[in-house]
Structure formats: C-alpha cells, structure tokens
Amino acid sequence: MGDFIPIDLSQAAGASREGKPKPTKPDSCEENSSQLMGVVSRRNSLAKLMLRESQSCIKRVPQGRLDSHSPPVNFAMVCEGLYRSGYPQAQDYPFMQSLKLKTIVTLVRKELPDGYQEFIEVNQITHKIFDMAGTKKEEIPVELMRAIHAVVSEPKNYPLLIHCNHGKHRTGCVVGVFRKSNQWDLKRIIDEYSSFAEPKVRETDLNYLTEFDLTSLWRQPQAIASRATGGRFFRLVIAAFLIFVIFCPLTQLKMQESHRELP
C-alpha cells in the first residue's frame, strides 16, 4: 500500500463547496522511483558479490598461470612448425608447451635455466645443443652450420624451436642460411636478420650471410676431404708396416727350418 498523504483542509473545504472532494491517491511516479531504487540496490549487491567471487578465484590460480601465454624474447615463426627465439625462461614454459615442440635446437652451451631440463623431459622433447661461439668472435665453421642445418631443415623434427641467448645473431645466421637454402633473395634475408638484430647489426654476420656458399651444406669442403684422405692413407701405411713386422720374422723362421730339413 502507498503512504498516507495529508489533505489540505482549505482545499477540502473549497472542494466541498464545488462538490464532493476527489479522493487523493499516492503519486505513481514516487512509487515507481522507489521500486527502481530497490532494483538498483539489488543489482549493486549482486555485482559486489560477483566481484568478490572473481577475486577469490584469481587468488586460487597458481602463480604464473595468469601469464601463461608469454612467449620467449624475440619469439617468431620462421615457417609452419619452425620457430625462433631467445633463451627460454621459466615464465615462458607454458607458452612453449602450447607449441607441442618435438625438437629444441640450442646454439649456445651453458648451464640450463631453472626447470628447463625438467620441462624438456616431461614434454619428451629432443634437445640438441650446438656449441657455437659468438659470431663477432669467430666465423661459424662450415661443419657446424652443416650439422645445424641438417636438423633445422628436416620437417620430421618439427615443431622445432631454434634459440641462442637473445635470438639475434647466432639464431639470425642459422635462419638466414635456412632462408638462403629456400631461395630467398639476399635483401629479404638481410632485412629479416636486421629486424631482429637491431640496434646491434653485425657486419660480420651480414658478410657471412652474403658470402655463404649453399653447396657447402651438401658437399664436403676440399680441405676437409684432403685431410680425411690423408688420414686414411696414413692408417693404411701403419697397418702395412705392422703386418710386415709381424709376418716377416715368421717367414724367416720357416725358411731356416726348411734348410735344416734338407740332407
């Protein structure tokens, strides 16, 4: 029921002279306003309850889960199933797990970060470590790049992640050689390398990518082949000498015995 509203007696008297006074009713606007305030109040209470519940849920999430899609530094896709980055850290593992990696190629040998070995073992990832020196210190040996490229270019190893410390220079050279083997023009290769290496683009890396001979990935360099041939020849000489040393006295002994048997 609505609230009782007092009636002005003077108005009631005037109304009696004019006729029967009209019954006074509560203002409908006031009643609607009261109902609206009640609805708003209930909605506010519900919103506060939902906020408290959502905050309590967030607190129950283990630390790091809220940042579960954080990729390693300088992360990017090279092609379908092939990725590059800097050295992964603990906060990057959930994102890396979503890649369902089969192989990780590490281009620097050092102590592994906390939990990295465990992450690799739990996810049954093949981990190949190549001890590549910093590219500003020395040129990448042909044999080393050939071994790395053989792993990186094999689709059976995908999904695969290549990484060094920062995902710039060593990784950039490996990706550049991969691009070159896939017929990218040199300008595109240099532009991609520079986009990751900036502001420390190394002239030694640019020269390496510019002058890299693709045929060295599939044929043995002449110097290495010569050393291998020389080594085989040297081993054959040693083997022949040992055979001579062993069998020569035996031959002489047999000859002496045959002479004694003669009349």
# chains A, B, ... in the order shown; residues from 1 in each chain; ligands from 1
$ residues_around --residues "A:Ser85" --least-positions-apart "2" --cutoff "6 Å" --atoms "only C-alpha atoms" --output "PDB file with C-alpha atoms, in the first residue's frame"
ATOM      1  CA  VAL A  73      62.075 -12.875 -26.037  1.00  0.00           C
ATOM      2  CA  ASN A  74      62.370 -12.328 -29.804  1.00  0.00           C
ATOM      3  CA  PHE A  75      59.967 -15.189 -30.495  1.00  0.00           C
ATOM      4  CA  HIS A 163      67.293 -20.298 -29.923  1.00  0.00           C
ATOM      5  CA  GLY A 167      67.585 -14.746 -30.551  1.00  0.00           C
TER       6      GLY A 167
END
$ atom_distance --atom1 "atom CA of A:Leu206" --atom2 "atom CA of A:Val152"
20.5 Å
$ select_by_dssp --residues "stretch 58-147 of chain A" --states "strand (DSSP E)" --output "PyMOL selection string"
chain A and resi 76-79+82-85+103-106+126-129
$ write_last_selection --atoms "all heavy atoms" --output "short mmCIF file (atom, residue, chain, number, x, y, z; two decimals), in the first residue's frame"
data_model
loop_
_atom_site.label_atom_id
_atom_site.label_comp_id
_atom_site.auth_asym_id
_atom_site.auth_seq_id
_atom_site.Cartn_x
_atom_site.Cartn_y
_atom_site.Cartn_z
N ALA A 76 59.36 -15.74 -32.78
CA ALA A 76 58.67 -15.55 -34.06
C ALA A 76 58.58 -16.89 -34.78
O ALA A 76 59.37 -17.81 -34.51
CB ALA A 76 59.38 -14.53 -34.94
N MET A 77 57.63 -16.98 -35.68
CA MET A 77 57.53 -18.18 -36.53
C MET A 77 58.36 -17.96 -37.79
O MET A 77 58.24 -16.94 -38.46
CB MET A 77 56.07 -18.44 -36.92
CG MET A 77 55.91 -19.63 -37.85
SD MET A 77 54.23 -19.86 -38.48
CE MET A 77 53.41 -20.46 -37.00
N VAL A 78 59.23 -18.92 -38.09
CA VAL A 78 60.04 -18.87 -39.30
C VAL A 78 59.21 -19.40 -40.47
O VAL A 78 59.15 -18.79 -41.54
CB VAL A 78 61.33 -19.69 -39.13
CG1 VAL A 78 62.16 -19.67 -40.41
CG2 VAL A 78 62.15 -19.14 -37.96
N CYS A 79 58.60 -20.55 -40.26
CA CYS A 79 57.67 -21.13 -41.21
C CYS A 79 56.79 -22.10 -40.42
O CYS A 79 56.95 -22.22 -39.20
CB CYS A 79 58.40 -21.83 -42.36
SG CYS A 79 59.37 -23.26 -41.84
N LEU A 82 58.26 -24.27 -37.53
CA LEU A 82 59.63 -23.86 -37.20
C LEU A 82 59.60 -22.48 -36.53
O LEU A 82 59.06 -21.53 -37.10
CB LEU A 82 60.50 -23.83 -38.45
CG LEU A 82 61.97 -23.44 -38.26
CD1 LEU A 82 62.68 -24.41 -37.32
CD2 LEU A 82 62.69 -23.40 -39.61
N TYR A 83 60.20 -22.38 -35.34
CA TYR A 83 60.14 -21.14 -34.56
C TYR A 83 61.55 -20.72 -34.14
O TYR A 83 62.48 -21.52 -34.14
CB TYR A 83 59.28 -21.33 -33.30
CG TYR A 83 57.91 -21.90 -33.58
CD1 TYR A 83 57.69 -23.28 -33.48
CD2 TYR A 83 56.85 -21.09 -33.94
CE1 TYR A 83 56.44 -23.82 -33.74
CE2 TYR A 83 55.60 -21.62 -34.21
CZ TYR A 83 55.40 -22.99 -34.10
OH TYR A 83 54.16 -23.53 -34.36
N ARG A 84 61.67 -19.45 -33.75
CA ARG A 84 62.94 -18.90 -33.29
C ARG A 84 62.69 -18.04 -32.05
O ARG A 84 61.59 -17.48 -31.90
CB ARG A 84 63.60 -18.05 -34.38
CG ARG A 84 62.76 -16.86 -34.81
CD ARG A 84 63.46 -16.00 -35.83
NE ARG A 84 64.61 -15.33 -35.26
CZ ARG A 84 65.51 -14.66 -35.99
NH1 ARG A 84 65.38 -14.60 -37.30
NH2 ARG A 84 66.53 -14.07 -35.41
N SER A 85 63.71 -17.89 -31.21
CA SER A 85 63.54 -17.05 -30.02
C SER A 85 64.88 -16.87 -29.33
O SER A 85 65.90 -17.44 -29.73
CB SER A 85 62.54 -17.68 -29.05
OG SER A 85 63.12 -18.77 -28.37
N THR A 103 61.32 -30.82 -31.08
CA THR A 103 62.77 -30.62 -31.04
C THR A 103 63.09 -29.19 -30.60
O THR A 103 62.40 -28.26 -31.00
CB THR A 103 63.41 -30.88 -32.41
OG1 THR A 103 62.93 -32.12 -32.94
CG2 THR A 103 64.92 -30.91 -32.33
N ILE A 104 64.15 -29.05 -29.81
CA ILE A 104 64.71 -27.73 -29.48
C ILE A 104 66.17 -27.75 -29.87
O ILE A 104 66.92 -28.66 -29.50
CB ILE A 104 64.56 -27.39 -27.99
CG1 ILE A 104 63.08 -27.21 -27.62
CG2 ILE A 104 65.35 -26.13 -27.64
CD1 ILE A 104 62.84 -26.92 -26.14
N VAL A 105 66.58 -26.74 -30.65
CA VAL A 105 67.99 -26.59 -31.04
C VAL A 105 68.55 -25.38 -30.30
O VAL A 105 68.11 -24.25 -30.51
CB VAL A 105 68.13 -26.40 -32.57
CG1 VAL A 105 69.56 -26.04 -32.93
CG2 VAL A 105 67.70 -27.67 -33.31
N THR A 106 69.50 -25.64 -29.42
CA THR A 106 70.14 -24.58 -28.63
C THR A 106 71.51 -24.29 -29.22
O THR A 106 72.32 -25.21 -29.39
CB THR A 106 70.27 -25.01 -27.16
OG1 THR A 106 68.96 -25.26 -26.62
CG2 THR A 106 70.93 -23.92 -26.33
N THR A 126 63.23 -33.64 -27.92
CA THR A 126 64.63 -33.91 -28.26
C THR A 126 65.41 -32.60 -28.21
O THR A 126 65.06 -31.64 -28.90
CB THR A 126 64.74 -34.52 -29.67
OG1 THR A 126 64.00 -35.75 -29.71
CG2 THR A 126 66.19 -34.79 -30.03
N HIS A 127 66.44 -32.56 -27.38
CA HIS A 127 67.21 -31.33 -27.19
C HIS A 127 68.59 -31.49 -27.80
O HIS A 127 69.37 -32.34 -27.36
CB HIS A 127 67.32 -31.01 -25.69
CG HIS A 127 67.90 -29.66 -25.42
ND1 HIS A 127 68.48 -29.31 -24.21
CD2 HIS A 127 67.96 -28.54 -26.19
CE1 HIS A 127 68.88 -28.06 -24.26
NE2 HIS A 127 68.57 -27.57 -25.45
N LYS A 128 68.89 -30.71 -28.81
CA LYS A 128 70.20 -30.75 -29.47
C LYS A 128 70.93 -29.44 -29.18
O LYS A 128 70.44 -28.36 -29.51
CB LYS A 128 70.03 -30.96 -30.98
CG LYS A 128 69.42 -32.32 -31.33
CD LYS A 128 69.40 -32.56 -32.82
CE LYS A 128 68.83 -33.94 -33.15
NZ LYS A 128 69.74 -35.02 -32.69
N ILE A 129 72.10 -29.55 -28.57
CA ILE A 129 72.89 -28.38 -28.21
C ILE A 129 74.12 -28.31 -29.11
O ILE A 129 74.87 -29.28 -29.24
CB ILE A 129 73.33 -28.45 -26.73
CG1 ILE A 129 72.10 -28.54 -25.81
CG2 ILE A 129 74.19 -27.24 -26.37
CD1 ILE A 129 72.45 -28.71 -24.34
#
$ residues_around --residues "stretch 184-193 of chain A" --least-positions-apart "3" --cutoff "12 Å" --atoms "only C-alpha atoms" --output "VMD selection string"
chain A and resid 74 76 78 84 167 to 181 196 to 203 205 to 212
$ atom_distance --atom1 "atom CA of A:Lys102" --atom2 "atom CA of A:Asn123"
8.4 Å
$ closest_residue --among "A:Leu107, A:Leu161, A:Leu112, A:Ala240" --to "A:Leu144" --atoms "only C-alpha atoms"
A:Leu107
$ closest_residue --among "A:Leu242, A:Ala90, A:Ile140, A:Ile125" --to "A:Pro113" --atoms "only C-alpha atoms"
A:Ala90
$ select_by_dssp --residues "stretch 81-128 of chain A" --states "helix (DSSP H, G or I)" --output "PyMOL selection string"
chain A and resi 90-98+116-122
$ write_last_selection --atoms "C-alpha atoms" --output "CSV table (one decimal), in the first residue's frame"
chain,number,residue,atom,x,y,z
A,90,ALA,CA,60.6,-20.4,-16.6
A,91,GLN,CA,57.8,-18.0,-17.3
A,92,ASP,CA,57.9,-19.0,-21.0
A,93,TYR,CA,57.4,-22.7,-20.4
A,94,PRO,CA,53.5,-22.7,-20.5
A,95,PHE,CA,53.6,-20.9,-23.9
A,96,MET,CA,56.2,-23.2,-25.2
A,97,GLN,CA,54.1,-26.2,-24.1
A,98,SER,CA,51.3,-24.9,-26.3
A,116,TYR,CA,64.4,-26.2,-18.4
A,117,GLN,CA,65.7,-29.8,-18.3
A,118,GLU,CA,62.6,-30.9,-16.4
A,119,PHE,CA,60.4,-29.1,-19.0
A,120,ILE,CA,62.2,-30.9,-21.8
A,121,GLU,CA,62.0,-34.3,-20.2
A,122,VAL,CA,58.3,-34.0,-19.2
$ residues_around --residues "A:Leu99" --least-positions-apart "5" --cutoff "9 Å" --atoms "only C-alpha atoms" --output "PyMOL selection string"
chain A and resi 81+159-160
$ closest_residue --among "A:Lys156, A:His69, A:Lys137, A:His149" --to "A:Leu101" --atoms "only C-alpha atoms"
A:Lys156
$ atom_distance --atom1 "atom CA of A:Met132" --atom2 "atom CA of A:Arg109"
7.7 Å
